[in-house]
>>> print(open('protein.cif').read())   # mmCIF, C-alpha atoms
data_entry
loop_
_atom_site.label_atom_id
_atom_site.label_comp_id
_atom_site.auth_asym_id
_atom_site.auth_seq_id
_atom_site.Cartn_x
_atom_site.Cartn_y
_atom_site.Cartn_z
CA MET A 1 162.29 456.54 211.07
CA ILE A 2 162.57 452.75 211.51
CA ASP A 3 162.12 453.21 215.26
CA SER A 4 158.94 455.22 214.69
CA ILE A 5 157.52 452.51 212.44
CA ALA A 6 158.61 449.73 214.77
CA LEU A 7 156.45 451.24 217.51
CA LEU A 8 153.41 450.64 215.32
CA VAL A 9 154.05 446.93 215.04
CA GLY A 10 153.82 445.47 218.53
CA LEU A 11 152.03 442.41 217.18
CA HIS A 12 152.22 438.88 218.51
CA PHE A 13 150.58 436.20 216.42
CA SER A 14 151.44 433.11 214.41
CA PHE A 15 150.92 432.42 210.72
CA SER A 16 150.47 428.68 211.14
CA ALA A 17 147.82 428.54 213.85
CA ARG A 18 144.76 429.07 211.66
CA CYS A 19 144.01 428.57 208.02
CA CYS A 20 141.47 430.52 206.00
CA GLY A 21 140.98 427.93 203.25
CA PRO A 22 137.41 426.82 204.16
CA LEU A 23 136.35 430.38 205.01
CA LEU A 24 137.67 431.71 201.72
CA ASN A 25 134.84 430.10 199.79
CA LEU A 26 132.36 431.90 202.02
CA ALA A 27 134.27 435.13 201.45
CA GLY A 28 133.70 434.92 197.73
CA ILE A 29 129.99 434.15 197.78
CA GLY A 30 128.76 437.74 198.05
CA PHE A 31 131.32 438.91 195.54
CA LEU A 32 130.46 436.19 193.01
CA LEU A 33 126.73 436.85 193.31
CA GLU A 34 127.30 440.55 192.78
CA GLU A 35 129.52 439.89 189.76
CA ALA A 36 126.96 437.48 188.30
CA LEU A 37 124.30 440.17 188.51
CA LEU A 38 126.57 442.81 187.04
CA PHE A 39 127.68 440.64 184.16
CA SER A 40 124.18 439.61 183.12
CA CYS A 41 121.67 441.96 181.60
CA HIS A 42 118.48 440.29 180.35
CA GLY A 43 120.33 437.02 179.77
CA ARG A 44 123.10 438.59 177.69
CA ASP A 45 126.81 438.47 178.40
CA ALA A 46 127.92 441.93 179.51
CA MET A 47 131.29 441.48 177.78
CA THR A 48 129.89 443.31 174.79
CA GLU A 49 131.69 445.08 172.01
CA LEU A 50 130.89 448.42 173.67
CA ARG A 51 132.48 447.30 176.94
CA ARG A 52 135.58 446.05 175.12
CA ARG A 53 135.88 449.36 173.28
CA MET A 54 135.56 451.35 176.48
CA ILE A 55 138.22 449.26 178.25
CA ALA A 56 140.54 449.59 175.24
CA ASP A 57 140.03 453.38 175.26
CA MET A 58 140.80 453.57 178.98
CA LYS A 59 144.00 451.58 178.48
CA LEU A 60 145.04 453.95 175.71
CA HIS A 61 144.40 456.86 178.09
CA GLY A 62 146.76 455.22 180.61
CA PHE A 63 144.12 454.52 183.27
CA ALA A 64 145.09 452.15 186.08
CA PRO A 65 143.21 448.80 186.32
CA GLY A 66 141.40 450.02 189.44
CA THR A 67 140.15 453.13 187.65
CA GLN A 68 139.01 451.02 184.71
CA LYS A 69 137.01 448.78 187.04
CA VAL A 70 135.33 451.75 188.75
CA TYR A 71 134.36 453.35 185.41
CA VAL A 72 132.99 450.09 183.99
CA ASN A 73 130.91 449.57 187.14
CA ALA A 74 129.53 453.12 186.79
CA VAL A 75 128.36 452.33 183.25
CA ARG A 76 126.90 449.00 184.40
CA ARG A 77 124.76 450.79 186.95
CA LEU A 78 123.54 453.20 184.29
CA ALA A 79 122.61 450.30 181.99
CA GLY A 80 120.94 448.47 184.88
CA TYR A 81 118.79 451.50 185.70
CA PHE A 82 117.35 451.72 182.18
CA HIS A 83 117.59 447.98 181.36
CA ARG A 84 119.18 448.66 178.02
CA SER A 85 122.58 449.25 176.47
CA PRO A 86 124.09 452.69 177.19
CA ASP A 87 124.56 453.42 173.48
CA GLN A 88 120.75 453.42 173.14
CA LEU A 89 120.29 456.19 175.72
CA SER A 90 119.50 459.81 174.98
CA GLU A 91 120.85 462.96 176.58
CA GLN A 92 117.56 463.34 178.46
CA ASP A 93 118.02 459.82 179.83
CA LEU A 94 121.34 460.91 181.34
CA ARG A 95 119.74 463.98 182.90
CA ASP A 96 116.99 461.80 184.41
CA TYR A 97 119.52 459.28 185.74
CA PHE A 98 121.72 461.80 187.51
CA THR A 99 118.68 463.64 188.85
CA TYR A 100 117.57 460.31 190.32
CA LEU A 101 120.99 459.76 191.94
CA VAL A 102 121.04 463.24 193.47
CA GLU A 103 117.42 463.76 194.51
CA THR A 104 116.08 460.26 195.14
CA LYS A 105 119.05 458.06 196.01
CA LYS A 106 120.99 460.95 197.61
CA VAL A 107 124.28 459.17 196.88
CA PRO A 108 127.45 460.49 198.58
CA SER A 109 129.59 462.95 196.66
CA SER A 110 132.36 460.41 196.19
CA THR A 111 129.96 457.88 194.63
CA LEU A 112 128.36 460.52 192.43
CA ARG A 113 131.78 461.67 191.27
CA THR A 114 132.81 458.20 190.07
CA GLN A 115 129.43 457.76 188.34
CA ILE A 116 129.91 461.05 186.50
CA PHE A 117 133.50 460.28 185.49
CA GLY A 118 132.67 456.78 184.24
CA VAL A 119 129.59 457.78 182.26
CA LYS A 120 131.27 460.90 180.91
CA PHE A 121 134.22 458.87 179.63
CA LEU A 122 131.94 456.43 177.82
CA PHE A 123 129.89 459.10 176.04
CA ASP A 124 132.69 461.62 175.51
CA LYS A 125 135.51 459.33 174.43
CA THR A 126 134.16 455.94 173.39
CA LEU A 127 130.82 456.93 171.85
CA GLN A 128 132.01 460.38 170.72
CA ARG A 129 128.86 462.11 171.97
CA PRO A 130 130.03 465.31 173.73
CA TRP A 131 126.54 466.31 174.90
CA PRO A 132 126.14 469.63 176.78
CA THR A 133 124.75 467.78 179.81
CA LEU A 134 128.11 466.05 180.29
CA LYS A 135 129.87 469.40 180.56
CA PHE A 136 127.95 470.72 183.56
CA LEU A 137 127.60 467.52 185.59
CA ARG A 138 129.35 468.11 188.91
CA ALA A 139 129.55 466.39 192.28
CA ARG A 140 129.40 468.75 195.21
CA PRO A 141 132.81 468.57 196.92
CA SER A 142 132.92 467.12 200.42
CA PHE A 143 135.85 467.02 202.83
CA LYS A 144 135.49 464.24 205.38
CA LEU A 145 138.13 463.40 207.93
CA PRO A 146 139.47 459.85 207.63
CA THR A 147 139.00 457.32 210.40
CA VAL A 148 142.15 456.66 212.43
CA LEU A 149 142.96 453.81 214.82
CA ASP A 150 145.30 454.16 217.77
CA ARG A 151 148.01 451.55 218.19
CA ALA A 152 146.03 449.37 220.59
CA GLU A 153 143.00 449.32 218.29
CA ALA A 154 145.11 448.51 215.22
CA GLN A 155 146.92 445.67 216.98
CA ARG A 156 143.65 444.23 218.29
CA LEU A 157 142.04 444.43 214.87
CA LEU A 158 144.94 442.78 213.03
CA GLY A 159 145.13 440.03 215.62
CA LEU A 160 141.48 439.15 214.99
CA ILE A 161 141.85 438.62 211.23
CA ARG A 162 141.34 434.86 210.84
CA CYS A 163 143.07 434.35 207.50
CA PRO A 164 146.90 434.45 207.86
CA THR A 165 147.46 435.83 204.35
CA VAL A 166 144.89 438.58 204.87
CA ARG A 167 146.44 439.31 208.26
CA MET A 168 149.83 439.72 206.55
CA CYS A 169 148.24 442.04 204.00
CA GLY A 170 146.70 444.13 206.79
CA LEU A 171 150.04 444.29 208.59
CA LEU A 172 151.77 445.58 205.45
CA MET A 173 149.08 448.24 204.90
CA TYR A 174 149.43 449.35 208.53
CA SER A 175 153.20 449.17 209.06
CA CYS A 176 154.20 450.37 205.57
CA GLY A 177 151.33 452.74 204.75
CA LEU A 178 150.33 450.81 201.62
CA ARG A 179 147.14 451.05 199.62
CA ILE A 180 145.36 447.69 199.25
CA SER A 181 146.25 447.57 195.55
CA GLU A 182 149.92 448.17 196.38
CA ALA A 183 149.98 445.44 199.02
CA LEU A 184 148.32 442.90 196.71
CA ALA A 185 150.76 443.73 193.89
CA LEU A 186 153.86 443.04 196.01
CA GLN A 187 156.19 440.32 194.86
CA VAL A 188 158.71 438.38 196.93
CA ARG A 189 161.56 440.32 195.30
CA ASP A 190 160.07 443.60 196.59
CA ILE A 191 161.08 442.81 200.17
CA ASP A 192 164.64 444.09 200.47
CA SER A 193 165.76 442.74 203.85
CA ALA A 194 169.35 443.92 203.35
CA ARG A 195 168.29 447.57 203.10
CA MET A 196 165.18 447.09 205.27
CA VAL A 197 162.79 448.58 202.72
CA VAL A 198 159.71 447.49 200.79
CA ILE A 199 159.75 448.46 197.12
CA VAL A 200 156.36 449.69 195.91
CA ARG A 201 156.28 449.41 192.13
CA ALA A 202 153.88 451.40 189.94
CA GLY A 203 151.79 452.74 192.82
CA LYS A 204 149.12 455.37 192.34
CA GLY A 205 150.16 457.68 189.50
CA ASN A 206 152.39 454.86 188.21
CA LYS A 207 155.13 455.94 190.66
CA ASP A 208 157.67 453.70 192.40
CA ARG A 209 158.74 454.39 195.96
CA HIS A 210 160.60 452.77 198.86
CA VAL A 211 159.10 452.53 202.35
CA PRO A 212 160.96 451.47 205.53
CA LEU A 213 160.51 447.91 206.78
CA SER A 214 160.50 447.42 210.54
CA PRO A 215 162.34 444.42 212.07
CA ARG A 216 159.08 443.09 213.52
CA THR A 217 157.34 443.25 210.14
CA LEU A 218 160.28 441.43 208.55
CA GLU A 219 160.13 438.78 211.27
CA LEU A 220 156.42 438.20 210.62
CA LEU A 221 157.02 438.16 206.86
CA ARG A 222 159.58 435.40 207.33
CA ASP A 223 157.12 433.40 209.48
CA TYR A 224 154.52 433.84 206.74
CA TRP A 225 156.99 432.83 203.99
CA ARG A 226 157.98 429.64 205.82
CA GLU A 227 154.29 428.70 206.03
CA TYR A 228 153.19 429.60 202.49
CA ARG A 229 156.42 429.54 200.43
CA PRO A 230 155.26 432.11 197.82
CA ALA A 231 157.31 432.03 194.61
CA THR A 232 156.42 435.24 192.76
CA HIS A 233 153.40 437.00 194.28
CA LEU A 234 154.05 437.70 197.95
CA LEU A 235 150.48 437.35 199.21
CA VAL A 236 149.03 434.00 198.16
CA MET A 237 146.56 431.46 199.47
CA LYS A 238 147.42 427.86 200.37
CA ASP A 239 146.69 426.70 196.81
CA GLY A 240 149.07 429.33 195.38
CA ARG A 241 146.42 431.71 194.05
CA PRO A 242 147.19 435.42 194.54
CA LEU A 243 145.15 437.05 197.30
CA ALA A 244 142.18 439.07 195.96
CA ASP A 245 140.88 442.38 197.30
CA HIS A 246 137.38 441.05 198.05
CA ASN A 247 138.91 438.41 200.36
CA VAL A 248 140.79 441.11 202.26
CA ARG A 249 137.65 443.21 202.72
CA TYR A 250 135.62 440.20 203.83
CA PHE A 251 138.00 439.09 206.57
CA LEU A 252 138.65 442.66 207.70
CA LYS A 253 134.91 443.23 208.03
CA ARG A 254 134.62 440.11 210.20
CA ALA A 255 137.52 441.26 212.37
CA VAL A 256 135.98 444.73 212.81
CA LYS A 257 132.72 443.15 213.98
CA GLU A 258 134.53 440.87 216.40
CA SER A 259 136.71 443.70 217.76
CA ARG A 260 133.64 445.81 218.63
CA ILE A 261 135.47 448.93 217.54
CA SER A 262 132.69 451.39 216.83
CA LYS A 263 134.60 453.36 214.19
CA ARG A 264 133.83 453.01 210.50
CA ILE A 265 136.84 451.00 209.28
CA SER A 266 138.02 450.07 205.80
CA CYS A 267 141.33 448.85 204.37
CA HIS A 268 142.40 452.46 203.85
CA THR A 269 141.93 453.11 207.58
CA LEU A 270 145.15 451.18 208.21
CA ARG A 271 147.05 453.53 205.88
CA HIS A 272 145.47 456.59 207.54
CA SER A 273 146.50 455.23 210.95
CA TYR A 274 150.09 454.73 209.76
CA ALA A 275 150.35 458.35 208.63
CA THR A 276 148.73 459.83 211.73
CA ASN A 277 150.75 457.74 214.18
CA LEU A 278 154.02 458.68 212.45
CA MET A 279 153.04 462.34 212.57
CA GLU A 280 152.30 462.04 216.29
CA GLN A 281 155.85 460.77 216.77
CA GLY A 282 157.21 463.97 215.23
CA LEU A 283 158.17 462.76 211.77
CA ASP A 284 158.44 465.62 209.26
CA VAL A 285 155.35 466.02 207.10
CA ARG A 286 157.41 466.05 203.89
CA VAL A 287 158.99 462.72 204.82
CA ILE A 288 155.52 461.26 205.39
CA GLN A 289 154.40 462.69 202.04
CA GLY A 290 157.13 460.69 200.34
CA LEU A 291 156.35 457.51 202.28
CA LEU A 292 152.67 457.71 201.30
CA GLY A 293 153.39 458.59 197.68
CA HIS A 294 151.28 461.76 197.80
CA ARG A 295 151.69 464.11 194.86
CA SER A 296 150.58 467.14 196.88
CA LEU A 297 151.72 468.13 200.37
CA LYS A 298 148.18 469.42 200.94
CA THR A 299 146.92 465.83 200.96
CA THR A 300 149.42 464.85 203.66
CA THR A 301 148.78 467.86 205.90
CA LEU A 302 145.21 466.59 206.34
CA TYR A 303 146.63 464.35 209.07
CA LEU A 304 148.23 467.21 211.00
CA HIS A 305 145.13 468.35 212.87
CA MET A 306 144.18 464.72 213.63
CA THR A 307 147.18 464.03 215.85
CA GLN A 308 146.74 463.82 219.60
CA SER A 309 149.43 466.44 220.24
CA VAL A 310 147.66 469.01 218.06
CA MET A 311 144.28 468.21 219.58
CA GLN A 312 145.77 468.56 223.07
CA SER A 313 147.24 471.98 222.19
CA VAL A 314 143.88 473.12 220.84
CA GLN A 315 142.14 471.83 223.96
CA GLU A 316 144.52 473.80 226.19
CA ALA A 317 143.93 476.97 224.15
CA ILE A 318 140.15 476.52 224.41
CA ASN A 319 140.42 475.92 228.15
CA GLY A 320 142.26 479.24 228.44
CA LEU A 321 139.48 481.00 226.56
CA THR A 322 136.78 479.72 228.86
CA THR A 323 138.56 479.94 232.24
CA ASP A 324 137.05 483.28 233.27
CA LEU A 325 133.59 482.75 231.83
#
>>> encode(input="protein.cif", output="structure tokens")
Amino acid sequence: MIDSIALLVGLHFSFSARCCGPLLNLAGIGFLLEEALLFSCHGRDAMTELRRRMIADMKLHGFAPGTQKVYVNAVRRLAGYFHRSPDQLSEQDLRDYFTYLVETKKVPSSTLRTQIFGVKFLFDKTLQRPWPTLKFLRARPSFKLPTVLDRAEAQRLLGLIRCPTVRMCGLLMYSCGLRISEALALQVRDIDSARMVVIVRAGKGNKDRHVPLSPRTLELLRDYWREYRPATHLLVMKDGRPLADHNVRYFLKRAVKESRISKRISCHTLRHSYATNLMEQGLDVRVIQGLLGHRSLKTTTLYLHMTQSVMQSVQEAINGLTTDL
């Protein structure tokens, strides 16, 4: 398995050549402006009693911090649409809002789903208003294939990330199949060089797991550690602050533009590429399921028909069908 992962990481770059300190301030500008808009509603601080209650309720329900953030943002958008507090809205207001999202904005199913879940939690659990409308709100399911990079594309993309800490984060997502939240949560103690594994603590579903660490990734981690000397959090900036997700997305977006790769790429693309490339090398699907931390094997088998070997077999079968036409 280590050999399979090592093939993914044919990277050659230094962690001391470039620093992302000055660029980091630019990275945060868009994020800070967005947050300023979200946190202000007609001059009032959005940290209201209602928001505190909703967050407390979500914590009691055991929701992960990322889920809490998504649900709060869904409620913010609802409040922004009507320019008033959600607890002042009627059931008809909710019907009008979701009709607007579906018919006018034509938001993707994934976006609509998070809007429904967030708003439904607020009215169902926090406000205790189980209106009939909330029961039949549904997002039409969609099944889109994830974007996958081949090894050359992934190596080119990672090499173009200007910030060394973000580059290290991208390398961990690609060579260990980590979600961005899992990579950012890593601590120095989670790198077990003796056993050559990375310990992922409290991943999605609050599950721990171990993933193999390739020698090349360990080598680059040691180069990074010598440059940044992190004490607790593994991924930190020069001033010691933990790396934030908006910084990762900013520098990745810049690298994608510079690479001229025409695919639609996000942080999760690196994880998809890890899974697909391992599957192409013949690793058992159940092993990959464990490495990714998938609860269902069905989720992992999505990558099966995306491998080059499967596509080649299908192409040969189709060629046989059309030979005598």
>>> resolve_selection(input="protein.cif", expression="the PyMOL selection byres ((chain A and resi 222) around 12)", output="ChimeraX atom specification")
/A:14-16,168,188,191,193,215-221,223-230,234
>>> closest_atom_pairs(input="protein.cif", of="segment 122-216 of chain A", to="segment 88-112 of chain A", cutoff="12 Å", atoms="all atoms listed in the file", output="Markdown table")
| residue | atom | partner | partner_atom | distance |
| --- | --- | --- | --- | --- |
| A:Leu122 | CA | A:Leu89 | CA | 11.8 |
| A:Phe123 | CA | A:Glu91 | CA | 9.8 |
| A:Asp124 | CA | A:Glu91 | CA | 12.0 |
| A:Leu127 | CA | A:Gln88 | CA | 10.7 |
| A:Arg129 | CA | A:Glu91 | CA | 9.3 |
| A:Pro130 | CA | A:Glu91 | CA | 9.9 |
| A:Trp131 | CA | A:Glu91 | CA | 6.8 |
| A:Pro132 | CA | A:Glu91 | CA | 8.5 |
| A:Thr133 | CA | A:Glu91 | CA | 7.0 |
| A:Leu134 | CA | A:Leu94 | CA | 8.6 |
| A:Lys135 | CA | A:Arg95 | CA | 11.7 |
| A:Phe136 | CA | A:Arg95 | CA | 10.6 |
| A:Leu137 | CA | A:Phe98 | CA | 8.4 |
| A:Arg138 | CA | A:Leu112 | CA | 8.4 |
| A:Ala139 | CA | A:Ser109 | CA | 5.6 |
| A:Arg140 | CA | A:Ser109 | CA | 6.0 |
| A:Pro141 | CA | A:Ser109 | CA | 6.5 |
| A:Ser142 | CA | A:Ser109 | CA | 6.5 |
| A:Phe143 | CA | A:Ser109 | CA | 9.7 |
| A:Lys144 | CA | A:Ser110 | CA | 10.4 |
>>> closest_residue(input="protein.cif", among="A:Ser262, A:Thr147, A:Ser181, A:Asn73", to="Ala275 of chain A", atoms="only C-alpha atoms")
A:Thr147
>>> residues_around(input="protein.cif", residues="His294 of chain A", least_positions_apart="3", cutoff="12 Å", atoms="only C-alpha atoms", output="list in words")
Gly177, Leu178, Arg179, Gly203, Lys204, Gly205, Asn206, Lys207, Asp208, Arg209, Ala275, Val285, Arg286, Val287, Ile288, Gln289, Gly290, Leu291, Leu297, Lys298, Thr299, Thr300, Thr301 and Leu302 of chain A
>>> closest_residue(input="protein.cif", among="A:Leu186, A:Met279, A:Leu172, A:Val72", to="Arg51 of chain A", atoms="all atoms listed in the file")
A:Val72
>>> atom_distance(input="protein.cif", atom1="atom CA of Ser273 of chain A", atom2="atom CA of Leu149 of chain A")
5.4 Å
>>> atom_distance(input="protein.cif", atom1="atom CA of Arg271 of chain A", atom2="atom CA of Ile180 of chain A")
9.0 Å
>>> residues_around(input="protein.cif", residues="segment 53-55 of chain A", least_positions_apart="4", cutoff="10 Å", atoms="all atoms listed in the file", output="VMD selection string")
chain A and resid 48 to 49 59 to 61 63 65 68 to 69 71 to 72 75 118 121 to 123 125 to 127
>>> atom_distance(input="protein.cif", atom1="atom CA of Thr269 of chain A", atom2="atom CA of Pro146 of chain A")
7.2 Å
>>> closest_residue(input="protein.cif", among="A:Arg195, A:Lys253, A:His233, A:Arg189", to="Cys267 of chain A", atoms="all atoms listed in the file")
A:Lys253
>>> closest_residue(input="protein.cif", among="A:Ser214, A:Gln187, A:Thr165, A:Ala244", to="Ala231 of chain A", atoms="only C-alpha atoms")
A:Gln187
>>> closest_residue(input="protein.cif", among="A:Asp245, A:Val200, A:Arg162, A:Gly80", to="Cys176 of chain A", atoms="all atoms listed in the file")
A:Val200
>>> closest_residue(input="protein.cif", among="A:Lys238, A:His210, A:Lys257, A:His83", to="Leu160 of chain A", atoms="all atoms listed in the file")
A:Lys257
